[in-house]
Structures are given as C-alpha cells and as structure tokens.
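Notes for the one structure printed next.
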Amino acid sequence: MIMGKKSVTVGFSGGKDSTTSIILLKEKGYDVSALTMRLGLSGEDEKLLRVKELADILDVPHEIIDLRSEFKKRVIGYFIDSYKAGITPNPCVICNNRIKFELLMDFGTKNMGSDFFATGHYADKIEIDGKYFLTEPEERKKSQIYFLSMIGGERLKDVLFPISSISLDKVREMVADLPLGNRKESQDVCFLSGYKLVDYLKEHIPEAFEEGNILDISGEKIGMHNGSINFTIGQRRGTNFPSDRKLYVVKKDVIANTITLGEETNLYSGRFEVRKPVIWKEIKKGEHYKARIRYMSKFEDVVIAEVSPDSIIAEFDSPVKSVTSGQIGAFFQDDIIVASGIIK
C-alpha cells in the first residue's frame with residue numbers, strides 16, 4: 001500500500017449500490033477490498049459465484065464471511081420472537097445494527113486491517129462538535145438513514161457512504177455495462193424470499209394460528225378469528241365481522257389470542273414510547289423534534305415528555321394513527337438523526 005493511502009472494506013452484495021461504491025472509492029484513490037456475507041438465504045451459492053466474478057472484474061480483493069449462525073440468531077430469531085410477542089418487527093434495522101455495522105464491519109476493519117468500512121446505503125454523515133451524525137443523502141427519496149438509526153455515532157466515525165452525493169440515475173449509469181451479482185432491488189426482508197409472510201409465520205409459529213376471540217372496545221366477545229397473528233393494527237378488511245360501521249383492528253394480544261375491533265378514532269395515539277434508545281446527542285424533556293414512526297411515513301412534530309437511558313416518551317402535537325409496537329421511532333433535528341429506538 002502506498003504510504004498515506006487509506007484502505008477501505010466495502011460491504012459488497014454485488015448490487016448496483018455497493019458496486020458503484022467500489023468504483024467511486026477506487027477513483028478517489030482508496031485501497032479497496034470487498035467483503036460479502038453468507039447468510040444462508042435461498043439461492044445464495046449461485047449469487048455468491050456471480051458476486052465473486054464481479055469482484056474480479058472490478059479488480060478488488062474479495063472475501064466471504066460466514067454469518068449464517070449469527071444472522072439466524074440475531075435477526076431471524078428476533079423476527080420470530082417479535083411476532084410471538086405480538087409486535088411487528090423491523091428486521092432490517094436490527095440487521096444493520098447487529099450484523100452489518102458490527103460483525104461485518106469489525107471483520108473488515110480488524111481482520112482485514114482496513115481504515116474504513118463502506119456500504120452502498122443512501123445515507124450521509126456529518127461531524128458536529130467532534131461527534132458524528134447520520135444525515136440525509138443527495139437522493140432523498142432513497143434515503144436509508146431511518147434503517148441505520150440505531151448503529152450509533154461511535155460506529156459512524158469509521159464509516160464511508162460513497163454514493164451519498166450522487167443520484168440514483170447516476171448509480172444506474174455507472175453500472176449499466178457490468179454483470180451485477182444482483183440486479184433486483186433489495187427486498188425489505190431478505191429471508192422471506194419466496195415466502196408470503198403468513199406462510200413463513202405458519203411454518204415457524206403454528207400455534208399462533210389457532211382460533212380466538214374478537215372483542216369490542218369494551219372487552220366483550222363479538223366473534224371469532226383464525227389467529228391474532230394474521231392481523232395488523234389499523235386493518236379493516238379480512239376480519240369477517242359483519243357491521244354497519246367501519247371497524248378496524250385497534251389492538252391485538254397474541255398471548256391471549258384476541259383482537260379488538262373499534263372505530264377509526266380508537267386508532268389514534270397522543271404519545272409513543274421507544275425502548276432501549278440509541279441516543280446520538282443529549283435529549284432533554286421539553287425539547288421539540290420531528291419523529292418518524294415507520295419507514296417513509298411523514299414526519300410528526302413531537303415534544304419530549306420523558307427521557308432516560310431505557311426509554312424516551314414523546315407527545316405528538318396532533319394525534320397520530322396506527323402507531324405500531326416493534327417498529328422504529330426515530331427523532332430528527334433538521335436533517336440529522338438524534339435518537340432512535342423500538343416502539344413499545
């Protein structure tokens with residue numbers, strides 16, 4: 001390596017975004033290596049061969065790290081346990097936090113000895129008073145900082161986001177003539193490939209599909225359902241309960257195997273709580289922020305009601321519909337993320 005030349009390991013899926021990242025980093029003079037995860041997914045062996053061939057074309061050293069066991073435990077296990085508990089998880093956030101920006105990054109920076117770790121995420125970072133924060137990329141419509149909101153500033157200081165300042169059209173143009181290892185857009189839940197969610201859950205949690213009671217808002221039994229796990233908060237169709245009013249699933253209890261139906265007004269919440277928050281900067285009671293309670297939902301104005309190392313409770317300026325336990329609540333100050341956690 002040339003004296004003073006910086007080295008970087010790129011988390012490499014063989015898709016357009018990570019491929020463009022390698023091209024841009026090489027153009028900037030970095031000593032680039034590629035690192036790909038083996039996760040035990042359907043069709044993975046064939047894909048890894050294509051990824052290896054692409055790394056050869058790009059002329060970068062390439063390694064594959066076997067993370068099947070950890071991925072099954074930390075991500076798939078979390079996913080299944082969440083549904084067992086009656087909450088709706090966001091496994092991509094957990095994967096970024098516990099797999100990509102922990103195990104994969106550590107292998108790249110420690111075992112492979114790189115100065116930096118890079119990914120093809122549409123994200124950017126900014127340094128403020130010596131601390132690093134996630135901020136929006138040029139291609140805001142593809143922004144993925146919500147999915148990265150729990151990795152923390154200490155990790156971020158050694159991370160590069162090479163495509164942060166270019167458009168999606170430019171990314172596509174740069175890889176148009178390359179045999180990508182994966183030309184499909186990333187699926188939100190990679191291990192569900194080939195599965196419908198309900199079929200996957202039936203296979204892993206068959207006991208959750210037993211008949212149970214439908215309750216009204218006062219707790220009285222008004223009907224039967226075929227498994228509470230089938231339903232999501234805010235769902236109106238598919239309850240098979242006849243009514244002259246529009247009724248929605250306003251609550252579900254997987255342990256008791258019940259769902260509660262109510263009117264649309266019962267779906268609105270005046271506050272929400274996130275547990276085990278990752279706090280990027282000091283958050284104080286009474287401060288005002290914008291919050292996002294699911295990916296690409298509109299920003300909601302909130303005020304902090306309570307804050308501790310274990311939770312943040314925020315009040316909405318106006319009640320918000322269908323706040324969902326298990327999703328990620330991220331707090332923004334202008335374009336940067338200042339805190340994030342799992343909605344209780």
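Ordered as shown in the structure tokens, chains take letters A, B, and onward, while each chain numbers its residues from 1 and ligands are numbered from 1 in the order shown.
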Checklist entry - Counting only C-alpha atoms, what is within 9 Å of segment 288-304 of chain A, bar same-chain residues fewer than 2 positions away, as number ranges by chain? => result A: 141, 143-144, 146-147, 271, 283-286, 306-307, 312-318, 320, 323-324, 327-334, 343
Next on the checklist: Quick one: residues within 8 Å of Phe79 of chain A, only C-alpha atoms, excluding same-chain residues fewer than 5 positions away - as a ChimeraX atom specification?
Outcome noted: /A:89-91
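Counting only C-alpha atoms, the residue from A:Cys95, A:Leu49, A:Val60, A:Leu103 that sits nearest to Lys26 of chain A is A:Val60.
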Item to check | Nearby residues (only C-alpha atoms) at most 7 Å from segment 279-282 of chain A, same-chain spacing under 4 positions excluded, as a VMD selection string | outcome: chain A and resid 152 to 153 338 to 340
Go ahead and write the residues just picked, C-alpha atoms, as a short mmCIF file (atom, residue, chain, number, x, y, z; two decimals), in the first residue's frame.
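Result file selection_33.cif:
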```
data_model
loop_
_atom_site.label_atom_id
_atom_site.label_comp_id
_atom_site.auth_asym_id
_atom_site.auth_seq_id
_atom_site.Cartn_x
_atom_site.Cartn_y
_atom_site.Cartn_z
CA GLY A 152 -24.63 4.88 16.90
CA GLY A 153 -22.10 7.66 16.39
CA VAL A 338 -30.56 12.48 17.20
CA ALA A 339 -32.16 9.37 18.75
CA SER A 340 -33.86 6.14 17.80
#
```
So which residues of segment 146-244 of chain A fall under strand (DSSP E) by DSSP, listed as a compact mmCIF listing (two decimals) with N, CA and C atoms, in the first residue's frame?
```txt
# COMPACT_ATOMS: atom_id res chain seq x y z
N VAL A 159 -17.05 4.97 9.12
CA VAL A 159 -17.89 4.52 8.01
C VAL A 159 -17.86 5.54 6.88
N LEU A 160 -17.86 5.03 5.65
CA LEU A 160 -17.98 5.87 4.46
C LEU A 160 -19.24 5.48 3.70
N GLY A 212 -59.46 -17.69 17.93
CA GLY A 212 -59.54 -16.92 19.16
C GLY A 212 -60.69 -15.94 19.10
N ASN A 213 -60.85 -15.17 20.15
CA ASN A 213 -61.99 -14.27 20.26
C ASN A 213 -61.73 -12.91 19.62
N ILE A 214 -62.77 -12.38 19.00
CA ILE A 214 -62.80 -10.98 18.58
C ILE A 214 -63.54 -10.22 19.67
N LEU A 215 -62.95 -9.13 20.16
CA LEU A 215 -63.55 -8.33 21.23
C LEU A 215 -63.94 -6.96 20.71
N LYS A 221 -66.85 -10.19 24.00
CA LYS A 221 -66.67 -11.06 22.83
C LYS A 221 -67.77 -10.79 21.81
N ILE A 222 -67.36 -10.59 20.54
CA ILE A 222 -68.34 -10.33 19.49
C ILE A 222 -68.15 -11.25 18.29
N GLY A 223 -67.15 -12.12 18.34
CA GLY A 223 -66.94 -13.02 17.22
C GLY A 223 -65.69 -13.87 17.41
N MET A 224 -65.30 -14.58 16.33
CA MET A 224 -64.13 -15.45 16.36
C MET A 224 -63.22 -15.11 15.17
N HIS A 225 -61.91 -15.34 15.35
CA HIS A 225 -60.95 -15.13 14.27
C HIS A 225 -60.09 -16.39 14.14
```
Checklist entry - Could you state the separation of atom CA of Lys16 of chain A and atom CA of Leu58 of chain A in Å, given to one decimal place? => result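 Separating atom CA of Lys16 of chain A from atom CA of Leu58 of chain A is a distance of 12.7 Å.
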Checklist entry - Counting only C-alpha atoms, which of A:Thr135, A:Asn96, A:Ser167, A:Ser18 gets nearest to Val51 of chain A? => result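 Of A:Thr135, A:Asn96, A:Ser167, A:Ser18, the one nearest Val51 of chain A is A:Ser18, counting only C-alpha atoms.
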Checklist outcome for this item: Separating atom CA of Ile336 of chain A from atom CA of Arg140 of chain A, to the nearest tenth of an Å, is a gap of 12.7 Å
Next on the checklist: Could you go through segment 165-338 of chain A and tell me which residues DSSP, when run on the backbone, assigns to helix (DSSP H, G or I), listing them as a VMD selection string?
Outcome noted: chain A and resid 168 to 174 190 to 192 197 to 204 206 to 209 228 to 230 264 to 267
Emit the selected residues as a PDB file, in the first residue's frame, including C-alpha atoms.
```pdb
ATOM      1  CA  LEU A 168     -29.964   7.014  -8.423  1.00  0.00           C
ATOM      2  CA  ASP A 169     -29.807   7.666 -12.179  1.00  0.00           C
ATOM      3  CA  LYS A 170     -26.057   8.210 -11.908  1.00  0.00           C
ATOM      4  CA  VAL A 171     -25.676   4.967  -9.943  1.00  0.00           C
ATOM      5  CA  ARG A 172     -27.552   3.059 -12.638  1.00  0.00           C
ATOM      6  CA  GLU A 173     -25.462   4.683 -15.362  1.00  0.00           C
ATOM      7  CA  MET A 174     -22.180   3.724 -13.691  1.00  0.00           C
ATOM      8  CA  CYS A 190     -34.330 -10.848   2.545  1.00  0.00           C
ATOM      9  CA  PHE A 191     -35.020 -14.166   4.272  1.00  0.00           C
ATOM     10  CA  LEU A 192     -38.684 -14.074   3.201  1.00  0.00           C
ATOM     11  CA  LEU A 197     -45.237 -13.541   5.411  1.00  0.00           C
ATOM     12  CA  VAL A 198     -48.235 -15.515   6.652  1.00  0.00           C
ATOM     13  CA  ASP A 199     -46.809 -18.794   5.281  1.00  0.00           C
ATOM     14  CA  TYR A 200     -43.429 -18.131   6.892  1.00  0.00           C
ATOM     15  CA  LEU A 201     -45.062 -17.459  10.239  1.00  0.00           C
ATOM     16  CA  LYS A 202     -47.279 -20.547   9.956  1.00  0.00           C
ATOM     17  CA  GLU A 203     -44.155 -22.634   9.473  1.00  0.00           C
ATOM     18  CA  HIS A 204     -42.337 -21.133  12.462  1.00  0.00           C
ATOM     19  CA  PRO A 206     -48.046 -22.707  14.016  1.00  0.00           C
ATOM     20  CA  GLU A 207     -49.582 -22.282  17.466  1.00  0.00           C
ATOM     21  CA  ALA A 208     -50.322 -18.641  16.694  1.00  0.00           C
ATOM     22  CA  PHE A 209     -52.902 -19.585  14.062  1.00  0.00           C
ATOM     23  CA  SER A 228     -54.436 -12.980  16.002  1.00  0.00           C
ATOM     24  CA  ILE A 229     -51.068 -13.074  14.298  1.00  0.00           C
ATOM     25  CA  ASN A 230     -52.894 -12.683  10.958  1.00  0.00           C
ATOM     26  CA  GLU A 264     -61.088   4.804  13.400  1.00  0.00           C
ATOM     27  CA  THR A 265     -60.880   7.274  16.280  1.00  0.00           C
ATOM     28  CA  ASN A 266     -59.616   4.433  18.511  1.00  0.00           C
ATOM     29  CA  LEU A 267     -56.511   4.080  16.299  1.00  0.00           C
TER      30      LEU A 267
END
```
Checklist entry - Phe101 of chain A: which residues within 10 Å, counting only C-alpha atoms, same-chain residues fewer than 6 positions away excluded, as a list of chain:residue names? => result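 Residues meeting the cut-off are A:Gly11, A:Ile94, A:Cys95, A:Phe107, A:Phe117, A:Ala118, A:Thr119, A:Leu148, A:Met150, A:Ile151, A:Gly152, A:Arg155, A:Leu156, A:Val159.
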Would you save the residues from that selection as a short mmCIF file (atom, residue, chain, number, x, y, z; two decimals), in the first residue's frame, using C-alpha atoms?
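What landed in out.cif:
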```cif
data_model
loop_
_atom_site.label_atom_id
_atom_site.label_comp_id
_atom_site.auth_asym_id
_atom_site.auth_seq_id
_atom_site.Cartn_x
_atom_site.Cartn_y
_atom_site.Cartn_z
CA GLY A 11 -19.81 -4.46 2.31
CA ILE A 94 -31.60 -4.98 13.60
CA CYS A 95 -29.52 -6.47 10.79
CA PHE A 107 -14.13 -8.17 10.23
CA PHE A 117 -15.82 0.38 6.31
CA ALA A 118 -18.12 1.43 3.46
CA THR A 119 -21.58 0.43 2.28
CA LEU A 148 -29.34 2.95 10.09
CA MET A 150 -29.57 2.54 15.73
CA ILE A 151 -25.90 1.97 14.77
CA GLY A 152 -24.63 4.88 16.90
CA ARG A 155 -19.50 3.28 14.70
CA LEU A 156 -20.20 6.05 12.22
CA VAL A 159 -17.89 4.52 8.01
#
```
